[in-house]
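Taking it in order: structure first as structure tokens, then the write-up.
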Amino acid sequence: MGLEVFFQLILNGLVLGSNYVLVASGFTLVYGTAKVFNFAHGHFYMLGAFVYGGLIFLGVPWILSLIIAGFTLGLFGLITWHAIFKPLYFDVFLTVACTIGLGLIMVNGLIVVIGEKDIIVPSIFKGSFTLGTTTISLEKLSIVLISLGVMLALHRFLNSKIGKALEATTVDQEAASLQGINTGRIFVLAIIIGSALAGIAGAIMVTYLTAQPNMGFPITTMFLCIVVVAGHGSLKGAVIIGLLFGLVRSFVFHYLGTWDYVIIMVLVAVIMYIRPWGIWGFEFRRRI
Amino acid sequence: MGCWRGLGLVPDEEPLEGFWVAILKIEKLSKYFGGLAAIDEVDLEVNELEIRGIIGPNGAGKTTLFNVISGLLLPTKGKVIFKGEPITQLPTHSRVERGIARTFQLTNLFSELTVLENVYVGYHRNYRQGIVSQFLHTPMAKNEYKIGYQRAMEILRFMGLSSMQHVLAKNLPFGHQRILAVCIALAANPSLLMLDEPVAGMNPEETMMMVELIRQIRNQSVTILLVEHDMAAVMNLCEKISVFDYGKKIAEGSPEEIKKDKKVIEAYLGTEEKNSCNA
Amino acid sequence: MLSLTWPKRLLLIGIFLFLGFLPFIITNQYLVHIFILAGLESIVVIGFVAQYQVRLLTFCTATFWGLGAYSSALLSTQLNIDFWFCLPLAGIITGFIALIMGLLVVRAGWITFLMISVVMSEVFVEALGHISALGGWDGISRIARPAIGSYVFFSKASYYYLTLTLTTVCALIFVGFYKSAIGKAWRAIGQSYDLAESVGINIFKYRMIVYVTAGFTTGLSGSLFAHYFGFIVPQQFGIARSVYIPINAVIGGLDFAISGPVVGSIIIRAIPELLRIADKYQPIFEGAMIILCSLFFRKGVIGVLARLRTRSR
């Protein structure tokens, strides 16, 4: 395989992977920290994409659009917390069922308004540049760099005092609350940030893919797999596994076509079997 | 109440050989959580039809010991031998089949079922009919159900809960919930009944009632092993006491001996000192 | 719980009469079609609720449905086996596969179980699509209609009675279990895992019974589905299908193992039709219903009815 192809595959993998990382990190915050199983997380991704696309159409500069998309989804997450997650907090099954319903409404509501077409959002970063013999598309590079920027910002945030509180709540909620951390507020914060991340991820990718109401579905299985393999609550794991999955899919797709999805799935099943609490997860003391 | 054997509810076994056969034997049992030893090289022998108490300060490993014996946890090292056979690696339900039943420190009930249904479920392990027979509701299966129902009613009468048989378990007052937990364990027809803090949270009258009930249970051919913090109850009820501290057994003997044992006093006093320093 | 007091017996008789004469009461053929779909779906939901009772949350109900459908379709189109043999065979094949999968998966924790069911769902669809011998993405078509002698099942009414019979049979299978000690053991496992274990219930064994039985009945439903529609494609049996099954269960009422699924399925399928809700609004209706039910009617429709009855006493 030529070096040129190799680099392209790496780049594609990073594009996919960094997107997975954002969504999976968001879900890790929502599920690992607040212990809320938001099945509509993938549809938050979709909503972010559409908000961003809409703003771009209106001529709003992309950075602002990105931030607004993030805010909107954060707000959406907050509303969902108060409307659905908090009342149903102790019932995992009903939360899942409810968020499935929420997803139904979101997707089909949008289909009713717009129709089921794909909407192409024009890329901000057009063109490419050459590095030696390889042509690197600016758009792909921008996706990777912007995602990196967002993750770095998240990282800075997590090293702050609030971030430590978040981490403590993720590991042991009871102990954290005994330490004086207001776990209720931490939950809300985690959900806001997690949902915002999903929205931003959708926004970043929308110029590369097309915007369509069903775009949340493939992302949902992927982030579930990533979080479960990495171990719920582990952000570091979500990042590593997210990137890994992106790269694996990129390479496998090149050689085997659409079997890449199946291969990932089988990999996930095997890992779940060997190490059910994920690679960086904490062992369940007892099975439910 | 009548001997349970006479009712044909206990499968025929060899007759008891007297009080000095060890029904439960634990050899060098250890359980490590990470680097921390919750129980460390514990040797213990419980004789048949004994009422044995396990005491010790908090964190001494008593509940962990129970969990390893009943099968909720697997030990890191050592052996658990019940009625002469090793059960160390067996899953919990197999141990129940052999005759071990337990209650939990935090009351564990089938909250949405009635009192009667709770005990009735407890009888489950005694059914001998297979899946097909039960699915088809054969007369033999139905007969077993009837016996199970009768037994459940008997246990409730014995323990004084029969007037509440149709109350949902979650609606019972606290003391009755603890008694119900014991009823459920009894329904499984155990040879060894392990009670984890049976009188925790009970007032003196309830405690006395429970102590008397436990004695009567023992008189129905059940060995009793219990963990308890209420010293009055323990000294009153137990014939032999094993004392634990930091995961190790530090003393064993009759209540009189234990009361005077220097190591025991130190273990408990030591705790008191630590507590008073922090206060 | 199915304790049959006389008022309840009368109610059941009334319901059975209505269901029994439904094709004559309802003349709109499309509505009969809806009831057929609701019936087939309710079998799957009954299986789901049974698994939920023992705390097994599956998202591969559609996979077993597809296994039943595909086995039946292949037996019929490739081996020309009569429908009346295809049906039980499909159930047995699906039940057998459930047995194998169950032995691997049922012991795992609930997250592993859930994720592997998700994975199975996706792998199943992809595998079917990629293997042309199984029809590929175009699926299998021209699946033979059921026939007795020279009478070929053609009218909606005939399929309706077929579905009614099958649903009743599957319901009875589960009722048989529910009323026995096995059913009591299931409820115990659902209420308190630790306590059930501590009274000697072999949780793995009882979960396997649920899993295999649910697989069997779901397979039966899939088989009838295939022969009713006449053609099947892989995408019909993906995770999207599995994910909407719990909705029927919650709306009917999770505590009611048989009536819940049936009522839930009928509501989800028939109400939009009766209210003349356009196709494109139907999923929104479903989503709104599930959210409403989860938040306000946690015991589902049957639960509401039960509460009204106890209040009127």
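Simple scheme: letters A, B, ... for chains in structure tokens order, numbers from 1 for residues in each chain, numbers from 1 for ligands in the order shown.
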
| said: Can you tell me, as a PyMOL selection string, which residues in segment 59-245 of chain B count as strand (DSSP E) by DSSP? | reply: chain B and resi 77-82+85-86+100-102+192-196+223-227+240-245

Keeping only N, CA and C atoms, write the selected residues as a compact mmCIF listing (two decimals), in the first residue's frame.
```txt
# COMPACT_ATOMS: atom_id res chain seq x y z
N LYS B 77 -8.85 -17.43 48.72
CA LYS B 77 -8.13 -18.64 49.14
C LYS B 77 -8.99 -19.37 50.16
N GLY B 78 -8.73 -20.67 50.29
CA GLY B 78 -9.36 -21.39 51.38
C GLY B 78 -10.53 -22.23 50.93
N LYS B 79 -11.13 -22.91 51.89
CA LYS B 79 -12.21 -23.85 51.59
C LYS B 79 -13.40 -23.65 52.50
N VAL B 80 -14.56 -23.91 51.92
CA VAL B 80 -15.78 -23.96 52.73
C VAL B 80 -16.35 -25.36 52.58
N ILE B 81 -16.54 -26.02 53.72
CA ILE B 81 -17.02 -27.40 53.67
C ILE B 81 -18.33 -27.49 54.44
N PHE B 82 -19.34 -27.98 53.77
CA PHE B 82 -20.67 -28.06 54.37
C PHE B 82 -21.13 -29.50 54.37
N GLU B 85 -18.90 -31.88 52.64
CA GLU B 85 -18.53 -31.74 51.22
C GLU B 85 -18.10 -30.32 50.91
N PRO B 86 -17.07 -30.19 50.08
CA PRO B 86 -16.60 -28.82 49.75
C PRO B 86 -17.62 -28.11 48.86
N ILE B 100 -28.28 -24.44 52.97
CA ILE B 100 -27.85 -23.20 53.61
C ILE B 100 -28.82 -22.10 53.20
N ALA B 101 -29.30 -21.35 54.17
CA ALA B 101 -30.14 -20.19 53.84
C ALA B 101 -29.65 -19.01 54.67
N ARG B 102 -29.94 -17.81 54.21
CA ARG B 102 -29.45 -16.64 54.94
C ARG B 102 -30.41 -15.47 54.87
N LEU B 192 -28.69 -25.15 57.85
CA LEU B 192 -27.92 -24.07 58.46
C LEU B 192 -28.58 -22.76 58.09
N LEU B 193 -28.95 -22.01 59.09
CA LEU B 193 -29.59 -20.72 58.85
C LEU B 193 -28.63 -19.63 59.29
N MET B 194 -28.27 -18.75 58.33
CA MET B 194 -27.33 -17.68 58.67
C MET B 194 -28.12 -16.38 58.75
N LEU B 195 -28.04 -15.73 59.90
CA LEU B 195 -28.80 -14.50 60.11
C LEU B 195 -27.84 -13.33 60.23
N ASP B 196 -27.96 -12.36 59.36
CA ASP B 196 -27.09 -11.20 59.40
C ASP B 196 -27.80 -10.07 60.13
N THR B 223 -29.35 -25.52 62.48
CA THR B 223 -28.18 -24.88 63.07
C THR B 223 -28.25 -23.39 62.78
N ILE B 224 -27.86 -22.60 63.78
CA ILE B 224 -27.96 -21.15 63.60
C ILE B 224 -26.58 -20.52 63.64
N LEU B 225 -26.30 -19.69 62.66
CA LEU B 225 -25.06 -18.91 62.66
C LEU B 225 -25.48 -17.46 62.52
N LEU B 226 -25.13 -16.63 63.49
CA LEU B 226 -25.60 -15.27 63.35
C LEU B 226 -24.52 -14.23 63.63
N VAL B 227 -24.66 -13.11 62.91
CA VAL B 227 -23.82 -11.93 63.11
C VAL B 227 -24.68 -10.93 63.86
N LYS B 240 -22.00 -20.45 71.63
CA LYS B 240 -20.57 -20.25 71.40
C LYS B 240 -20.42 -19.01 70.53
N ILE B 241 -19.34 -18.27 70.78
CA ILE B 241 -19.16 -17.02 70.05
C ILE B 241 -17.78 -16.97 69.43
N SER B 242 -17.71 -16.54 68.17
CA SER B 242 -16.41 -16.30 67.55
C SER B 242 -16.26 -14.81 67.35
N VAL B 243 -15.11 -14.28 67.73
CA VAL B 243 -14.90 -12.84 67.65
C VAL B 243 -13.93 -12.52 66.52
N PHE B 244 -14.27 -11.55 65.72
CA PHE B 244 -13.43 -11.15 64.60
C PHE B 244 -12.95 -9.72 64.74
N ASP B 245 -11.76 -9.47 64.22
CA ASP B 245 -11.29 -8.10 64.13
C ASP B 245 -10.31 -8.02 62.97
```

Specify as a compact mmCIF listing (two decimals) with C-alpha atoms, in the first residue's frame all residues of chain A found within 9 Å of chain C, counting only C-alpha atoms.
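And here's iface.txt as it stands now:
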```txt
# COMPACT_ATOMS: atom_id res chain seq x y z
CA ALA A 83 -38.90 17.00 31.72
CA ILE A 84 -37.81 13.40 31.46
CA PRO A 87 -38.75 12.29 37.02
CA LEU A 88 -37.62 8.94 35.67
CA PHE A 93 -35.93 1.07 31.45
CA LEU A 94 -38.47 3.86 31.35
CA THR A 95 -35.72 6.38 30.68
CA ALA A 97 -38.17 3.90 26.49
CA CYS A 98 -38.88 7.60 26.90
CA THR A 99 -35.75 8.69 25.09
CA ILE A 100 -36.60 6.30 22.29
CA GLY A 101 -39.90 8.11 22.08
CA LEU A 102 -38.13 11.45 22.18
CA GLY A 103 -35.97 10.31 19.30
CA LEU A 104 -39.07 9.31 17.36
CA ILE A 105 -40.55 12.75 17.85
CA MET A 106 -37.34 14.56 16.97
CA VAL A 107 -36.64 12.60 13.82
CA ASN A 108 -40.17 12.45 12.51
CA GLY A 109 -40.99 15.96 13.59
CA ILE A 111 -39.22 14.86 8.58
CA VAL A 112 -42.68 16.36 8.73
CA PHE A 217 -29.10 6.33 14.00
CA THR A 221 -24.86 2.29 17.68
CA LEU A 224 -22.95 2.91 22.47
CA CYS A 225 -20.31 0.46 21.37
CA VAL A 228 -19.37 0.15 26.45
CA THR A 258 -19.16 -2.41 3.98
CA TRP A 259 -18.01 -5.29 6.16
CA TYR A 261 -19.50 -2.25 10.36
CA VAL A 262 -19.88 -5.96 11.01
CA ILE A 263 -16.23 -6.29 12.02
CA MET A 265 -19.72 -5.13 15.93
CA VAL A 266 -18.11 -8.51 16.31
CA VAL A 268 -17.44 -5.19 20.42
CA ALA A 269 -19.26 -8.43 21.21
CA VAL A 270 -15.99 -10.22 21.90
CA MET A 272 -18.01 -7.27 26.00
CA TYR A 273 -17.76 -10.94 26.64
CA PRO A 276 -18.02 -6.74 30.49
CA TRP A 277 -17.27 -3.54 32.32
CA PHE A 284 -19.47 -4.35 38.84
CA ARG A 286 -22.50 -7.99 41.45
CA ARG A 287 -24.56 -8.67 38.37
CA ILE A 288 -28.09 -7.38 38.25
```

| said: If we count only C-alpha atoms and set the cut-off at 9 Å, which residues sit around segment 233-243 of chain A, ignoring sequence neighbours fewer than 6 positions away in its own chain? Please answer as JSON, numbers by chain. | reply: {"A": [13, 14, 15, 16, 17, 18, 19, 20, 21, 22, 23, 24, 25, 26, 28, 29, 30, 31, 32, 33, 35, 167, 170, 171, 222, 223, 226, 227, 278, 279, 280, 281, 282]}

| field | Atomic distance atom CA of Phe229 of chain C - atom CA of Leu172 of chain C, expressed in Å with one decimal | value | 25.3 Å

| task | Identify all chain C residues at most 10 Å from chain B by counting only C-alpha atoms; ligands do not count. Present them as a ChimeraX atom specification. | result | /C:173-185,187-203,206,209

| message | DSSP on the backbone: which residues in segment 109-282 of chain A end up as alpha helix (DSSP H)? Give the answer as JSON, numbers by chain. | response | {"A": [109, 110, 111, 112, 113, 114, 138, 139, 140, 141, 142, 143, 144, 145, 146, 147, 148, 149, 150, 151, 152, 153, 154, 155, 156, 157, 158, 161, 162, 163, 164, 165, 166, 167, 168, 169, 170, 171, 173, 174, 175, 176, 177, 178, 183, 184, 185, 186, 187, 188, 189, 190, 191, 192, 193, 194, 195, 196, 197, 198, 199, 200, 201, 202, 203, 204, 205, 216, 217, 218, 219, 220, 221, 222, 223, 224, 225, 226, 227, 228, 229, 230, 235, 236, 237, 238, 239, 240, 241, 242, 243, 244, 245, 246, 247, 248, 249, 250, 251, 252, 253, 254, 255, 256, 259, 260, 261, 262, 263, 264, 265, 266, 267, 268, 269, 270, 271, 272, 273, 274]}

| field | Residues of chain B within 12 Å of chain A, counting only C-alpha atoms, as a list in words | value | Phe33, Gly34, Asn67, Gly71, Leu72, Leu73 and Leu74 of chain B

| task | Would you list the contacts of Phe71 of chain A as a PyMOL selection string, taking every protein, DNA or RNA residue within 10 Å and counting only C-alpha atoms, but skipping same-chain residues closer than 2 positions in sequence? | result | chain A and resi 48+65-69+73-77+192-193+195-197+199-200

Okay, now the selection with N, CA and C atoms, as a compact mmCIF listing (two decimals), in the first residue's frame?
```
# COMPACT_ATOMS: atom_id res chain seq x y z
N GLY A 48 -27.96 19.23 16.37
CA GLY A 48 -26.85 20.17 16.30
C GLY A 48 -26.47 20.43 14.86
N SER A 65 -21.72 30.03 14.77
CA SER A 65 -22.73 28.99 14.56
C SER A 65 -22.44 27.77 15.41
N LEU A 66 -21.17 27.40 15.45
CA LEU A 66 -20.78 26.24 16.23
C LEU A 66 -21.14 26.44 17.70
N ILE A 67 -20.78 27.61 18.20
CA ILE A 67 -21.04 27.88 19.61
C ILE A 67 -22.54 27.89 19.89
N ILE A 68 -23.28 28.52 18.97
CA ILE A 68 -24.73 28.57 19.18
C ILE A 68 -25.32 27.15 19.14
N ALA A 69 -24.82 26.34 18.20
CA ALA A 69 -25.31 24.96 18.13
C ALA A 69 -25.07 24.25 19.45
N LEU A 73 -28.04 22.84 22.04
CA LEU A 73 -28.17 21.46 22.51
C LEU A 73 -28.00 21.35 24.01
N GLY A 74 -27.12 22.20 24.56
CA GLY A 74 -26.98 22.20 26.01
C GLY A 74 -28.30 22.54 26.66
N LEU A 75 -28.95 23.55 26.11
CA LEU A 75 -30.24 23.96 26.62
C LEU A 75 -31.26 22.84 26.47
N PHE A 76 -31.22 22.21 25.30
CA PHE A 76 -32.13 21.10 25.04
C PHE A 76 -31.92 19.99 26.06
N GLY A 77 -30.64 19.75 26.35
CA GLY A 77 -30.34 18.73 27.34
C GLY A 77 -30.91 19.10 28.70
N ILE A 192 -25.72 18.93 30.43
CA ILE A 192 -25.63 20.09 29.52
C ILE A 192 -24.39 19.97 28.64
N ILE A 193 -23.27 19.71 29.27
CA ILE A 193 -22.04 19.62 28.49
C ILE A 193 -22.09 18.45 27.52
N SER A 195 -24.70 16.97 26.16
CA SER A 195 -25.58 17.23 25.03
C SER A 195 -24.96 18.25 24.08
N ALA A 196 -24.31 19.26 24.66
CA ALA A 196 -23.66 20.27 23.83
C ALA A 196 -22.61 19.62 22.94
N LEU A 197 -21.85 18.69 23.53
CA LEU A 197 -20.82 18.00 22.76
C LEU A 197 -21.43 17.26 21.57
N GLY A 199 -24.15 18.00 20.04
CA GLY A 199 -24.57 18.98 19.06
C GLY A 199 -23.39 19.52 18.26
N ILE A 200 -22.30 19.82 18.97
CA ILE A 200 -21.12 20.35 18.28
C ILE A 200 -20.57 19.31 17.31
```

| field | Contact residues around Tyr30 of chain C with only C-alpha atoms at 9 Å, ignoring same-chain residues under 3 positions, as a list in words | value | Thr27, His33, Ile34, Phe35, Lys156 and Glu273 of chain C

Go ahead and save the residues from that selection, with N, CA and C atoms, as a short mmCIF file (atom, residue, chain, number, x, y, z; two decimals), in the first residue's frame.
```cif
data_model
loop_
_atom_site.label_atom_id
_atom_site.label_comp_id
_atom_site.auth_asym_id
_atom_site.auth_seq_id
_atom_site.Cartn_x
_atom_site.Cartn_y
_atom_site.Cartn_z
N THR C 27 -65.56 -3.69 8.87
CA THR C 27 -65.57 -4.02 7.45
C THR C 27 -64.38 -3.43 6.71
N HIS C 33 -56.30 -5.53 8.56
CA HIS C 33 -54.86 -5.71 8.34
C HIS C 33 -54.07 -5.16 9.52
N ILE C 34 -54.50 -4.01 10.02
CA ILE C 34 -53.83 -3.41 11.17
C ILE C 34 -53.91 -4.35 12.37
N PHE C 35 -55.09 -4.95 12.57
CA PHE C 35 -55.23 -5.86 13.71
C PHE C 35 -54.34 -7.09 13.54
N LYS C 156 -58.27 -11.14 4.07
CA LYS C 156 -57.74 -10.61 5.31
C LYS C 156 -58.37 -11.34 6.49
N GLU C 273 -54.80 4.84 13.05
CA GLU C 273 -55.66 4.56 11.91
C GLU C 273 -57.07 5.07 12.17
#
```

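The list of residues with at least one atom within 9 Å of Asp255 of chain C, based on only C-alpha atoms and without residues fewer than 5 positions apart in the same chain, reads Met1, Val49, Gln53, Val250, Gly260, Lys299, Gly300, Ile302 and Gly303 of chain C.
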
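Residues lying within 8 Å of Trp137 of chain C, counting only C-alpha atoms and ignoring same-chain neighbours fewer than 6 positions away, are Leu128, Gly129, His130, Val233, Pro234 and Gln235 of chain C.
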
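For the residues B:Met153, B:Leu24, B:Ala60, B:Ile87, ranking by smallest atom-to-atom distance to Val46 of chain B using only C-alpha atoms places B:Leu24 first.
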